[in-house]
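Q: Structure file query.cif (mmCIF, C-alpha atoms and all ligand atoms) right here:
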```cif
data_protein
loop_
_atom_site.group_PDB
_atom_site.id
_atom_site.type_symbol
_atom_site.label_atom_id
_atom_site.label_comp_id
_atom_site.auth_asym_id
_atom_site.auth_seq_id
_atom_site.Cartn_x
_atom_site.Cartn_y
_atom_site.Cartn_z
ATOM 1 C CA MET A 1 116.616 120.285 142.987
ATOM 2 C CA GLY A 2 116.624 121.572 139.444
ATOM 3 C CA ASN A 3 114.534 120.382 136.571
ATOM 4 C CA VAL A 4 112.583 117.171 136.796
ATOM 5 C CA VAL A 5 111.244 115.522 133.659
ATOM 6 C CA ALA A 6 108.673 112.718 133.750
ATOM 7 C CA ILE A 7 108.017 110.245 130.954
ATOM 8 C CA VAL A 8 104.331 109.370 130.755
ATOM 9 C CA GLY A 9 102.338 107.257 128.341
ATOM 10 C CA ARG A 10 100.331 104.096 128.180
ATOM 11 C CA PRO A 11 102.038 100.707 128.522
ATOM 12 C CA ASN A 12 104.390 99.546 125.760
ATOM 13 C CA VAL A 13 104.999 102.882 124.061
ATOM 14 C CA GLY A 14 108.652 102.637 125.096
ATOM 15 C CA LYS A 15 108.922 104.726 128.275
ATOM 16 C CA SER A 16 111.425 102.469 129.994
ATOM 17 C CA THR A 17 113.497 102.098 126.839
ATOM 18 C CA LEU A 18 113.778 105.894 126.635
ATOM 19 C CA PHE A 19 114.491 106.181 130.368
ATOM 20 C CA ASN A 20 117.301 103.653 130.102
ATOM 21 C CA ARG A 21 118.758 105.409 127.094
ATOM 22 C CA LEU A 22 118.776 108.814 128.786
ATOM 23 C CA THR A 23 120.000 107.784 132.224
ATOM 24 C CA GLU A 24 123.177 106.179 133.289
ATOM 25 C CA SER A 25 121.713 103.061 134.785
ATOM 26 C CA ARG A 26 124.457 102.869 137.402
ATOM 27 C CA ASP A 27 123.257 106.159 138.822
ATOM 28 C CA ALA A 28 119.577 105.378 138.495
ATOM 29 C CA ILE A 29 117.800 105.105 141.777
ATOM 30 C CA VAL A 30 115.048 102.557 141.885
ATOM 31 C CA ASP A 31 112.310 103.759 144.157
ATOM 32 C CA SER A 32 111.525 101.221 146.809
ATOM 33 C CA VAL A 33 107.939 102.299 147.393
ATOM 34 C CA ALA A 34 105.880 99.294 146.399
ATOM 35 C CA GLY A 35 102.544 99.191 144.662
ATOM 36 C CA VAL A 36 101.408 99.284 141.116
ATOM 37 C CA THR A 37 100.408 102.911 140.821
ATOM 38 C CA ARG A 38 103.358 104.283 142.807
ATOM 39 C CA ASP A 39 106.004 102.163 141.175
ATOM 40 C CA ARG A 40 108.309 104.539 139.388
ATOM 41 C CA HIS A 41 111.985 104.853 138.605
ATOM 42 C CA TYR A 42 114.023 107.950 139.320
ATOM 43 C CA GLY A 43 117.227 108.649 137.485
ATOM 44 C CA LYS A 44 119.643 111.364 136.515
ATOM 45 C CA ALA A 45 120.269 112.434 132.957
ATOM 46 C CA GLU A 46 122.562 114.970 131.336
ATOM 47 C CA TRP A 47 122.697 116.716 127.995
ATOM 48 C CA LEU A 48 125.319 119.288 126.985
ATOM 49 C CA ASN A 49 126.429 119.488 130.607
ATOM 50 C CA VAL A 50 122.904 120.248 131.781
ATOM 51 C CA GLU A 51 121.733 117.778 134.405
ATOM 52 C CA PHE A 52 118.128 116.932 135.109
ATOM 53 C CA GLY A 53 116.079 114.391 137.023
ATOM 54 C CA LEU A 54 114.152 111.836 135.025
ATOM 55 C CA ILE A 55 111.130 109.791 136.151
ATOM 56 C CA ASP A 56 109.952 106.636 134.409
ATOM 57 C CA THR A 57 106.310 106.027 135.292
ATOM 58 C CA GLY A 58 104.254 102.876 135.209
ATOM 59 C CA GLY A 59 106.518 100.000 136.037
ATOM 60 C CA TYR A 60 103.563 97.655 135.894
ATOM 61 C CA THR A 61 104.075 94.045 136.631
ATOM 62 C CA HIS A 62 100.931 92.726 134.989
ATOM 63 C CA ASN A 63 100.063 92.315 131.364
ATOM 64 C CA THR A 64 98.891 95.305 129.391
ATOM 65 C CA ASP A 65 95.363 93.943 129.216
ATOM 66 C CA ASP A 66 95.027 93.975 132.988
ATOM 67 C CA ILE A 67 95.914 97.606 133.420
ATOM 68 C CA PHE A 68 92.996 99.840 134.162
ATOM 69 C CA GLU A 69 92.771 103.334 132.857
ATOM 70 C CA SER A 70 92.469 104.581 136.447
ATOM 71 C CA GLU A 71 95.969 103.258 137.199
ATOM 72 C CA ILE A 72 97.402 105.211 134.312
ATOM 73 C CA ARG A 73 95.516 108.331 135.433
ATOM 74 C CA LYS A 74 97.138 108.022 138.861
ATOM 75 C CA GLN A 75 100.566 107.707 137.266
ATOM 76 C CA VAL A 76 99.990 110.763 135.112
ATOM 77 C CA ASN A 77 98.698 112.839 138.013
ATOM 78 C CA LEU A 78 101.715 111.880 140.126
ATOM 79 C CA ALA A 79 104.010 112.842 137.268
ATOM 80 C CA ILE A 80 102.258 116.194 136.953
ATOM 81 C CA GLU A 81 102.831 116.779 140.692
ATOM 82 C CA GLU A 82 106.467 115.698 140.723
ATOM 83 C CA ALA A 83 107.863 117.004 137.458
ATOM 84 C CA ASN A 84 108.027 120.417 135.874
ATOM 85 C CA ILE A 85 108.236 119.056 132.330
ATOM 86 C CA ILE A 86 106.390 116.050 130.897
ATOM 87 C CA LEU A 87 107.456 113.883 127.979
ATOM 88 C CA PHE A 88 104.216 112.423 126.643
ATOM 89 C CA LEU A 89 105.272 109.322 124.768
ATOM 90 C CA VAL A 90 103.099 107.840 122.028
ATOM 91 C CA ASP A 91 103.742 105.051 119.540
ATOM 92 C CA VAL A 92 103.859 105.777 115.814
ATOM 93 C CA ASN A 93 103.041 102.145 115.044
ATOM 94 C CA SER A 94 99.699 102.145 116.843
ATOM 95 C CA GLY A 95 98.700 105.768 116.337
ATOM 96 C CA ILE A 96 96.323 107.486 118.778
ATOM 97 C CA THR A 97 94.394 105.184 121.126
ATOM 98 C CA ASP A 98 91.677 105.941 123.718
ATOM 99 C CA PHE A 99 94.316 105.711 126.470
ATOM 100 C CA ASP A 100 96.421 108.304 124.684
ATOM 101 C CA GLU A 101 93.398 110.612 124.453
ATOM 102 C CA ALA A 102 92.703 110.207 128.173
ATOM 103 C CA ILE A 103 96.312 111.057 129.037
ATOM 104 C CA ALA A 104 96.310 114.034 126.660
ATOM 105 C CA ASN A 105 93.200 115.391 128.399
ATOM 106 C CA LEU A 106 94.894 115.226 131.802
ATOM 107 C CA LEU A 107 98.025 116.887 130.473
ATOM 108 C CA ARG A 108 96.090 119.642 128.745
ATOM 109 C CA LYS A 109 94.423 120.547 132.065
ATOM 110 C CA SER A 110 97.757 120.703 133.875
ATOM 111 C CA LYS A 111 99.872 123.820 133.731
ATOM 112 C CA LYS A 112 102.979 121.795 132.958
ATOM 113 C CA LYS A 113 105.093 122.068 129.857
ATOM 114 C CA VAL A 114 104.431 119.014 127.677
ATOM 115 C CA PHE A 115 106.521 117.583 124.860
ATOM 116 C CA VAL A 116 104.659 115.158 122.612
ATOM 117 C CA VAL A 117 107.160 112.480 121.635
ATOM 118 C CA ALA A 118 106.352 110.013 118.844
ATOM 119 C CA ASN A 119 108.420 106.951 119.612
ATOM 120 C CA LYS A 120 109.375 104.009 117.374
ATOM 121 C CA VAL A 121 110.181 106.233 114.402
ATOM 122 C CA ASP A 122 113.057 103.875 113.641
ATOM 123 C CA THR A 123 113.462 104.978 110.038
ATOM 124 C CA TYR A 124 112.977 108.325 108.303
ATOM 125 C CA ASP A 125 110.203 107.003 106.055
ATOM 126 C CA ARG A 126 107.938 106.914 109.139
ATOM 127 C CA ILE A 127 108.174 110.673 109.784
ATOM 128 C CA ALA A 128 104.978 111.425 107.837
ATOM 129 C CA ASP A 129 103.044 109.182 110.226
ATOM 130 C CA ILE A 130 103.625 111.472 113.204
ATOM 131 C CA HIS A 131 101.233 114.136 111.924
ATOM 132 C CA GLU A 132 98.154 112.672 113.551
ATOM 133 C CA PHE A 133 99.665 113.427 116.969
ATOM 134 C CA TYR A 134 99.222 117.153 116.327
ATOM 135 C CA LYS A 135 95.504 116.462 116.973
ATOM 136 C CA PHE A 136 96.265 116.448 120.710
ATOM 137 C CA GLY A 137 96.709 120.200 120.514
ATOM 138 C CA LEU A 138 99.781 119.942 122.726
ATOM 139 C CA GLY A 139 102.184 121.561 120.317
ATOM 140 C CA GLU A 140 105.140 120.243 118.397
ATOM 141 C CA VAL A 141 105.562 116.506 117.929
ATOM 142 C CA TYR A 142 109.104 115.148 118.287
ATOM 143 C CA PRO A 143 109.840 111.908 116.418
ATOM 144 C CA ILE A 144 112.399 109.637 118.043
ATOM 145 C CA SER A 145 113.492 106.045 118.192
ATOM 146 C CA SER A 146 114.248 105.051 121.770
ATOM 147 C CA SER A 147 115.681 101.766 120.625
ATOM 148 C CA ASN A 148 118.197 103.102 118.094
ATOM 149 C CA GLY A 149 118.539 106.651 119.459
ATOM 150 C CA SER A 150 117.480 108.375 116.263
ATOM 151 C CA GLN A 151 116.605 112.075 116.788
ATOM 152 C CA THR A 152 116.822 111.865 120.567
ATOM 153 C CA GLY A 153 119.451 114.625 120.354
ATOM 154 C CA ASP A 154 116.956 117.019 118.773
ATOM 155 C CA LEU A 155 114.458 116.256 121.518
ATOM 156 C CA LEU A 156 117.065 116.843 124.222
ATOM 157 C CA ASP A 157 118.145 120.132 122.618
ATOM 158 C CA ALA A 158 114.537 121.353 122.776
ATOM 159 C CA LEU A 159 114.065 119.973 126.274
ATOM 160 C CA ILE A 160 116.998 121.746 127.893
ATOM 161 C CA ALA A 161 116.112 124.946 126.038
ATOM 162 C CA ALA A 162 112.784 124.816 127.895
ATOM 163 C CA PHE A 163 114.398 124.673 131.367
HETATM 164 P P1 LIG B 201 106.889 100.957 128.411
HETATM 165 O O1 LIG B 201 105.843 99.961 128.803
HETATM 166 O O2 LIG B 201 106.244 102.216 127.921
HETATM 167 O O3 LIG B 201 107.915 101.204 129.457
HETATM 168 O O4 LIG B 201 107.613 100.358 127.124
HETATM 169 P P2 LIG B 201 109.010 99.557 127.018
HETATM 170 O O5 LIG B 201 110.170 100.486 127.106
HETATM 171 O O6 LIG B 201 108.967 98.422 127.982
HETATM 172 O O7 LIG B 201 108.938 99.039 125.519
HETATM 173 C C1 LIG B 201 107.851 98.283 125.043
HETATM 174 C C2 LIG B 201 108.275 97.554 123.782
HETATM 175 O O8 LIG B 201 108.528 98.477 122.744
HETATM 176 C C3 LIG B 201 109.554 96.757 123.960
HETATM 177 O O9 LIG B 201 109.441 95.565 123.217
HETATM 178 C C4 LIG B 201 110.606 97.669 123.354
HETATM 179 O O10 LIG B 201 111.720 96.964 122.875
HETATM 180 C C5 LIG B 201 109.844 98.317 122.229
HETATM 181 N N1 LIG B 201 110.390 99.645 121.867
HETATM 182 C C6 LIG B 201 110.706 100.652 122.684
HETATM 183 N N2 LIG B 201 111.182 101.702 121.992
HETATM 184 C C7 LIG B 201 111.174 101.338 120.697
HETATM 185 C C8 LIG B 201 111.560 101.999 119.471
HETATM 186 O O11 LIG B 201 112.011 103.146 119.434
HETATM 187 N N3 LIG B 201 111.381 101.287 118.318
HETATM 188 C C9 LIG B 201 110.880 100.018 118.319
HETATM 189 N N4 LIG B 201 110.753 99.427 117.146
HETATM 190 N N5 LIG B 201 110.524 99.380 119.434
HETATM 191 C C10 LIG B 201 110.662 100.016 120.612
HETATM 192 MG MG MG B 202 108.059 100.554 131.417
#
```
Can you turn what I pasted into structure tokens?
A:
Amino acid sequence: MGNVVAIVGRPNVGKSTLFNRLTESRDAIVDSVAGVTRDRHYGKAEWLNVEFGLIDTGGYTHNTDDIFESEIRKQVNLAIEEANIILFLVDVNSGITDFDEAIANLLRKSKKKVFVVANKVDTYDRIADIHEFYKFGLGEVYPISSSNGSQTGDLLDALIAAF
């Protein structure tokens, strides 16, 4: 298969919202392998006639508070194995958390291409708040709103240029 892109990030940053926006849900294949750490969704996405596979990680069924960091580490390591490009989603409303730092450390050690994506930038006045995410040292930070679609086109332009 061609390019496979995985969306990683701690719970509630908006991974599934982005996945649903980028895939045609009718074509999305829900993986039937059970279990918290292996639960992931596979879909197909397309931008400017370029198709790619998309993985949504961390379909947890429990509350955020019950999720252990080790579960997220497993998800991230699986994503690193399965995908050739990683979208590292963070939340502009909460800023950098310890979970984000832990994920950034794993991604930095991997040889994979990583796009830092600051989600929930629903309005342009929030753009200035994305600057703290440059502290990860993972390169450019792409602001988007998964819920209203703002600037997702710019992210996709950069993504397919990296294939
Ligand atoms: P996941 O746990 O990372 O898969 O996150 P979800 O996609 O389930 O989203 C978590 C919450 O954030 C939900 O209430 C979403 O509606 C909300 N959310 C997702 N994307 C955005 C966004 O771009 N802007 C805002 N304001 N809320 C969002
Ligand atoms: Mg989700």
Q: Let me see if you get this right: every residue at most 9 Å from ligand LIG 201 (chain B), counting only C-alpha atoms and all ligand atoms, written as JSON, numbers by chain.
A: {"A": [7, 8, 9, 10, 11, 12, 13, 14, 15, 16, 17, 18, 19, 20, 56, 57, 58, 59, 60, 64, 89, 90, 91, 93, 118, 119, 120, 121, 122, 144, 145, 146, 147, 148, 149, 150]}
Q: As an exercise, work out the distance from CA of Asp100 (chain A) to CA of Gly153 (chain A) in Å and give it to one decimal place.
A: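 Interatomic distance here is 24.3 Å.
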Q: Please, what distance in Å, to one decimal, runs between CA of Lys111 (chain A) and CA of Val76 (chain A)?
A: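 Straight-line distance from CA of Lys111 (chain A) to CA of Val76 (chain A) works out to 13.1 Å.
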Q: To one decimal place, how far is CA of Val92 (chain A) from CA of Ala104 (chain A) in Å?
A: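 Atom-to-atom, CA of Val92 (chain A) to CA of Ala104 (chain A), that is 15.6 Å.
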Q: Starting from the shown file, work through the PyMOL selection byres (((chain A and resi 78-81) around 9) and not hetatm) and note down what comes out as a list in words.
A: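 What the PyMOL selection byres (((chain A and resi 78-81) around 9) and not hetatm) grabs from the file is Val5, Ala6, Ile7, Val8, Arg38, Ile55, Thr57, Arg73, Lys74, Gln75, Val76, Asn77, Glu82, Ala83, Asn84, Ile85, Ile86, Leu107, Ser110, Lys111 and Lys112 of chain A.
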Q: Care to translate the PyMOL selection byres (((chain A and resi 133) around 10) and not hetatm) into actual residues of this file, as a list in words?
A: Val90, Asp91, Val92, Gly95, Ile96, Asp100, Val116, Val117, Ala118, Asp129, Ile130, His131, Glu132, Tyr134, Lys135, Phe136, Gly137, Leu138, Gly139, Glu140, Val141 and Tyr142 of chain A
Q: So what does the PyMOL selection byres (((chain A and resi 115) around 6) and not hetatm) actually pick up in this one, as a VMD selection string?
A: chain A and resid 87 to 88 114 116
Q: Pick the closest to Phe52 (chain A) from A:Arg126, A:Arg40, A:Asn3, A:Phe99: which is it, counting all atoms listed in the file?
A: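 Closest candidate: A:Asn3.
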Q: Using only C-alpha atoms, find the one residue out of A:Lys44, A:Gln151, A:Asn49, A:Val4 that sits nearest to Ile127 (chain A).
A: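 The answer is A:Gln151, which sits nearest to Ile127 (chain A).
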Q: Using all atoms listed in the file, pick whichever of A:Ser94, A:Glu46, A:Pro143, A:Lys109 has the shortest atom-to-atom distance to Asp125 (chain A).
A: A:Pro143
Q: For Ala162 (chain A), list every protein, DNA or RNA residue within 10 Å, evaluated using only C-alpha atoms, and leave out those in the same chain fewer than 2 positions away; present the list as a list in words.
A: Asn3, Ile85, Lys113, Leu156, Asp157, Ala158, Leu159 and Ile160 of chain A
